[in-house]
Structures are given as C-alpha cells and as structure tokens.
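Colleague: I have a structure here, written as structure tokens, and I will follow up with some questions on it.
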Amino acid sequence: METKIRELRKARKLSQEELAFAVGTTRQTITSIEVGKYTASLVLAYKIAHYFGLTIEEVFDFSDVEAADK
Amino acid sequence: MEKYKKTLRIRIALFGSVILLNAVLSICQRIMDDRGKIPADVSSIIDFQSGFLMGLAILSLFMLIKYRKLLRDERSLRESYNRETDERMVLIRSKAGMPALLITSIVMIFAGIFGGYYNIIIFYTLLAAGLCQILLGVCLKFYYMHKL
C-alpha cells in the first residue's frame, strides 16, 4: 500500500525514529510502511494520520484496494 | 506504562531467581563432587548441565541489569515498550512461532538433561531436537523480518 508518510515526514523535517517514537512503534516498522512492504493496522494508521493532523485516507492510498474490489 | 514497569519488575525478580537457583545448584554440585557422590558415567551430563545453567544465569544477569537501567530512564523505557509492543514485531514473532518454539526447546533441553541421567542417547536426541527447533525459529524470524 502506497503512503504519503515519507513526504509528510520530510516536510516536517522529521526522522523515521522520531515519528516511530511519537506513534509508539519502531523505526523498522515505519520504514516497512513507507516502502509498502508492511500494511499498518487500523490503530497504527490512525495514530500516524492523527500525528500529522490528517485523515487516514489523506495519508494512506487505498486506490489499490478499490481497484482490486472492482 | 505503569503496567509495563510492573512487568519489568516481575522479570527482574524472575531473572534474580534464575541466578540464585544457579548459584544453589552449583554449590550442591560442588559439594556432591567433593564427596564423590557423582558417578563417572553421568559426569558429561553434569558438565553440560552446569554450563547450560551458567549460560542462563549470565544471560539473566545481563537482562536484569538492562531492565534495571530501563526503569531509571523514561525515554529508554518508552523505546523498549515500543519495541516490545510494535505490531510488526508481534506479527513476526507470531509467524516465527515465538515464544512457544523457544519455550519448548528449553523444556526439551531440560528433559534431555534429566533423561540423560538414565540414558545418554535420550540426552543427545533431545538436545539435538531442541537446538534444531531454536535454529528453525531464528531462521523463520529472519525470513519474516526481511519479508515484512
């Protein structure tokens, strides 16, 4: 799943480790989410979106999921 | 976080018990050895048992020191909590069969030590099985850490 986490992080000059600490996860998980290897759970997705002051849909790209459903 | 601190304190107590148990067993073994009570045919089992328990005790000591340090530093405590409860790591551990594989492997090794006092073949068989399980768990963990 594609995400905008990297762009949002860089816009705020935030390291992966700082973001990970803030949302209660590890740097490796943030890396995996950013490269699309790992799909965050609803709780983690909410925490990340909430941290950036955005909605889940604004941070995570669900177009693949919608395309698969069609 | 208070719950996690409590968990760490319980672990510190457990590790302390392991170290104490190892010290007691070592003293008992030394006394029995000095009195010539240990038969020569089980000396290899006794030696393995001593080494294994010593290894567990040293590991327990490291963990005890680590956890005591964590309890004194809030940021490190929070980082440790994040590492342990991280959903991706929980998933990886679950897929790798942890901690069940590790626990059954240690139980097998202990069973091998007990059985070895009766038959050396039992000891070697269970030891090999325990080590293979541990190796399997480690390989699976590395595989899923790379995949996820």
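Residue numbering restarts at 1 for every chain of the structure tokens, chains are lettered A, B, ... in their displayed order, and ligands are numbered from 1 as they appear.
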Neighbours of segment 60-75 of chain B within 10 Å (only C-alpha atoms; same-chain residues fewer than 4 positions away dropped), as JSON, numbers by chain?
Modeller: {"A": [21], "B": [1, 4, 5, 6, 8, 9, 11, 12, 13, 14, 15, 16, 17, 18, 19, 54, 55, 56, 79, 80, 81]}
Colleague: Kindly save the residues from that selection, with N, CA and C atoms included, as an mmCIF file, in the first residue's frame.
Modeller:
```
data_model
loop_
_atom_site.group_PDB
_atom_site.id
_atom_site.type_symbol
_atom_site.label_atom_id
_atom_site.label_comp_id
_atom_site.auth_asym_id
_atom_site.auth_seq_id
_atom_site.Cartn_x
_atom_site.Cartn_y
_atom_site.Cartn_z
ATOM 1 N N PHE A 21 8.823 6.943 17.474
ATOM 2 C CA PHE A 21 8.703 7.164 18.925
ATOM 3 C C PHE A 21 7.380 7.847 19.255
ATOM 4 N N MET B 1 2.001 2.506 30.760
ATOM 5 C CA MET B 1 3.441 2.434 31.039
ATOM 6 C C MET B 1 3.698 1.871 32.444
ATOM 7 N N TYR B 4 3.738 -1.788 32.215
ATOM 8 C CA TYR B 4 4.998 -2.268 31.646
ATOM 9 C C TYR B 4 6.094 -2.249 32.705
ATOM 10 N N LYS B 5 6.097 -1.207 33.534
ATOM 11 C CA LYS B 5 7.082 -1.131 34.624
ATOM 12 C C LYS B 5 6.894 -2.316 35.569
ATOM 13 N N LYS B 6 5.639 -2.639 35.843
ATOM 14 C CA LYS B 6 5.338 -3.775 36.724
ATOM 15 C C LYS B 6 5.848 -5.073 36.095
ATOM 16 N N LEU B 8 8.301 -5.367 33.997
ATOM 17 C CA LEU B 8 9.763 -5.383 34.087
ATOM 18 C C LEU B 8 10.223 -5.781 35.489
ATOM 19 N N ARG B 9 9.532 -5.300 36.502
ATOM 20 C CA ARG B 9 9.902 -5.657 37.881
ATOM 21 C C ARG B 9 9.725 -7.149 38.121
ATOM 22 N N ARG B 11 9.941 -9.440 35.791
ATOM 23 C CA ARG B 11 11.031 -10.087 35.055
ATOM 24 C C ARG B 11 12.335 -9.995 35.834
ATOM 25 N N ILE B 12 12.596 -8.851 36.451
ATOM 26 C CA ILE B 12 13.821 -8.682 37.248
ATOM 27 C C ILE B 12 13.829 -9.715 38.375
ATOM 28 N N ALA B 13 12.677 -9.892 39.023
ATOM 29 C CA ALA B 13 12.573 -10.873 40.112
ATOM 30 C C ALA B 13 12.813 -12.291 39.586
ATOM 31 N N LEU B 14 12.257 -12.597 38.401
ATOM 32 C CA LEU B 14 12.428 -13.928 37.809
ATOM 33 C C LEU B 14 13.885 -14.194 37.473
ATOM 34 N N PHE B 15 14.516 -13.218 36.857
ATOM 35 C CA PHE B 15 15.923 -13.372 36.483
ATOM 36 C C PHE B 15 16.795 -13.518 37.733
ATOM 37 N N GLY B 16 16.437 -12.781 38.774
ATOM 38 C CA GLY B 16 17.156 -12.903 40.039
ATOM 39 C C GLY B 16 17.034 -14.317 40.591
ATOM 40 N N SER B 17 15.842 -14.890 40.450
ATOM 41 C CA SER B 17 15.605 -16.271 40.916
ATOM 42 C C SER B 17 16.448 -17.259 40.129
ATOM 43 N N VAL B 18 16.548 -17.045 38.820
ATOM 44 C CA VAL B 18 17.351 -17.944 37.971
ATOM 45 C C VAL B 18 18.815 -17.905 38.424
ATOM 46 N N ILE B 19 19.309 -16.700 38.686
ATOM 47 C CA ILE B 19 20.703 -16.546 39.119
ATOM 48 C C ILE B 19 20.908 -17.238 40.465
ATOM 49 N N MET B 54 24.826 -22.080 33.776
ATOM 50 C CA MET B 54 25.700 -20.903 33.877
ATOM 51 C C MET B 54 25.382 -19.921 32.759
ATOM 52 N N GLY B 55 25.165 -20.452 31.552
ATOM 53 C CA GLY B 55 24.788 -19.605 30.416
ATOM 54 C C GLY B 55 23.480 -18.884 30.676
ATOM 55 N N LEU B 56 22.522 -19.612 31.221
ATOM 56 C CA LEU B 56 21.216 -18.996 31.544
ATOM 57 C C LEU B 56 21.387 -17.916 32.606
ATOM 58 N N GLU B 79 10.997 3.584 24.638
ATOM 59 C CA GLU B 79 11.531 2.951 23.417
ATOM 60 C C GLU B 79 11.453 1.439 23.525
ATOM 61 N N SER B 80 11.788 0.908 24.691
ATOM 62 C CA SER B 80 11.724 -0.536 24.914
ATOM 63 C C SER B 80 10.271 -1.021 24.813
ATOM 64 N N TYR B 81 9.361 -0.253 25.379
ATOM 65 C CA TYR B 81 7.931 -0.599 25.323
ATOM 66 C C TYR B 81 7.462 -0.617 23.860
#
```
Colleague: Write out, as a tab-separated table, each residue of chain B that has an atom at most 9 Å from chain A, together with the closest pair of atoms and their distance in Å to one decimal, counting only C-alpha atoms, rows going by chain and rising number.
Modeller:
```
residue	atom	partner	partner_atom	distance
B:Arg78	CA	A:Phe21	CA	8.0
B:Glu79	CA	A:Phe21	CA	6.8
B:Tyr81	CA	A:Gly24	CA	8.2
B:Asn82	CA	A:Thr25	CA	5.0
B:Arg83	CA	A:Thr26	CA	5.9
B:Thr85	CA	A:Thr25	CA	7.6
B:Asp86	CA	A:Thr25	CA	5.1
B:Glu87	CA	A:Thr25	CA	7.6
B:Arg88	CA	A:Thr29	CA	6.3
B:Met89	CA	A:Thr29	CA	8.2
B:Lys147	CA	A:Lys37	CA	7.4
B:Leu148	CA	A:Tyr38	CA	5.4
```
Colleague: The selected residues should be written to file as a short mmCIF file (atom, residue, chain, number, x, y, z; two decimals), in the first residue's frame (atoms: N, CA and C atoms).
Modeller:
```
data_model
loop_
_atom_site.label_atom_id
_atom_site.label_comp_id
_atom_site.auth_asym_id
_atom_site.auth_seq_id
_atom_site.Cartn_x
_atom_site.Cartn_y
_atom_site.Cartn_z
N ARG B 78 10.30 3.92 27.33
CA ARG B 78 9.28 4.10 26.29
C ARG B 78 9.73 3.43 24.98
N GLU B 79 11.00 3.58 24.64
CA GLU B 79 11.53 2.95 23.42
C GLU B 79 11.45 1.44 23.52
N TYR B 81 9.36 -0.25 25.38
CA TYR B 81 7.93 -0.60 25.32
C TYR B 81 7.46 -0.62 23.86
N ASN B 82 7.88 0.41 23.10
CA ASN B 82 7.51 0.47 21.68
C ASN B 82 8.04 -0.74 20.92
N ARG B 83 9.29 -1.13 21.24
CA ARG B 83 9.90 -2.29 20.56
C ARG B 83 9.15 -3.57 20.87
N THR B 85 6.00 -3.94 21.95
CA THR B 85 4.58 -3.96 21.56
C THR B 85 4.36 -3.58 20.09
N ASP B 86 5.45 -3.34 19.37
CA ASP B 86 5.35 -2.99 17.96
C ASP B 86 4.58 -4.06 17.21
N GLU B 87 3.52 -3.68 16.48
CA GLU B 87 2.63 -4.66 15.84
C GLU B 87 3.36 -5.51 14.81
N ARG B 88 4.29 -4.92 14.09
CA ARG B 88 5.03 -5.67 13.06
C ARG B 88 5.91 -6.74 13.73
N MET B 89 6.57 -6.38 14.82
CA MET B 89 7.42 -7.35 15.54
C MET B 89 6.58 -8.43 16.20
N LYS B 147 10.90 -10.17 5.00
CA LYS B 147 9.72 -10.16 4.12
C LYS B 147 8.75 -9.01 4.46
N LEU B 148 8.57 -8.76 5.75
CA LEU B 148 7.55 -7.77 6.14
C LEU B 148 8.18 -6.38 6.24
#
```
Colleague: Please list as a count of residues only every residue within 6 Å of segment 94-106 of chain B, counting only C-alpha atoms and excluding residues in the same chain fewer than 2 positions away.
Modeller: 8
Colleague: Near Ala111 of chain B, counting only C-alpha atoms, which residues have an atom at most 8 Å away, once you skip same-chain residues fewer than 4 positions from it, shown as an mmCIF file with all heavy atoms, in the first residue's frame?
Modeller:
```cif
data_model
loop_
_atom_site.group_PDB
_atom_site.id
_atom_site.type_symbol
_atom_site.label_atom_id
_atom_site.label_comp_id
_atom_site.auth_asym_id
_atom_site.auth_seq_id
_atom_site.Cartn_x
_atom_site.Cartn_y
_atom_site.Cartn_z
ATOM 1 N N VAL B 107 12.498 -26.535 27.301
ATOM 2 C CA VAL B 107 11.915 -27.685 28.029
ATOM 3 C C VAL B 107 12.540 -28.988 27.534
ATOM 4 O O VAL B 107 12.880 -29.864 28.330
ATOM 5 C CB VAL B 107 10.373 -27.709 27.862
ATOM 6 C CG1 VAL B 107 9.796 -29.026 28.328
ATOM 7 C CG2 VAL B 107 9.738 -26.565 28.636
ATOM 8 N N GLY B 115 16.713 -36.895 31.326
ATOM 9 C CA GLY B 115 16.717 -38.226 30.716
ATOM 10 C C GLY B 115 18.126 -38.768 30.551
ATOM 11 O O GLY B 115 18.339 -39.978 30.597
ATOM 12 N N PHE B 123 19.566 -37.973 26.003
ATOM 13 C CA PHE B 123 20.156 -36.641 26.159
ATOM 14 C C PHE B 123 20.542 -36.063 24.798
ATOM 15 O O PHE B 123 20.143 -34.950 24.457
ATOM 16 C CB PHE B 123 21.386 -36.734 27.066
ATOM 17 C CG PHE B 123 22.235 -35.500 27.071
ATOM 18 C CD1 PHE B 123 21.769 -34.329 27.642
ATOM 19 C CD2 PHE B 123 23.497 -35.491 26.498
ATOM 20 C CE1 PHE B 123 22.548 -33.171 27.642
ATOM 21 C CE2 PHE B 123 24.274 -34.353 26.490
ATOM 22 C CZ PHE B 123 23.797 -33.192 27.062
ATOM 23 N N LEU B 126 17.297 -35.375 22.522
ATOM 24 C CA LEU B 126 16.506 -34.200 22.909
ATOM 25 C C LEU B 126 17.295 -32.900 22.740
ATOM 26 O O LEU B 126 16.742 -31.868 22.361
ATOM 27 C CB LEU B 126 15.993 -34.350 24.345
ATOM 28 C CG LEU B 126 14.855 -35.351 24.508
ATOM 29 C CD1 LEU B 126 14.522 -35.566 25.979
ATOM 30 C CD2 LEU B 126 13.610 -34.887 23.763
#
```
Colleague: One number please: atom CA of Ser63 of chain A to atom CA of Lys4 of chain A, in Å, one decimal.
Modeller: 13.1 Å
Colleague: Here is a test: counting only C-alpha atoms, which residue of B:Gly112, B:Ile58, B:Val24, B:Ser44 is nearest to Leu127 of chain B?
Modeller: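 So, comparing all the options, the nearest one is B:Gly112.
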Colleague: Return as a ChimeraX atom specification the full set of residues in chain A whose backbone-based DSSP assignment is alpha helix (DSSP H).
Modeller: /A:5-11,16-23,27-34,42-52,56-59,63-69
Colleague: How many Å separate atom CA of Glu58 of chain A from atom CA of Val35 of chain A?
Modeller: 17.0 Å
Colleague: Just want the 12 Å neighbourhood of Phe52 of chain A, counted on only C-alpha atoms, with same-chain residues fewer than 5 positions away dropped. Output as an NGL selection string.
Modeller: :A and (4-12 or 14 or 19 or 22-23 or 45-47 or 58-59)
Colleague: How far is it from atom CA of Ile45 of chain B to atom CA of Ile27 of chain B, in Å with one decimal?
Modeller: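 One can read the atom CA of Ile45 of chain B to atom CA of Ile27 of chain B distance as 16.6 Å.
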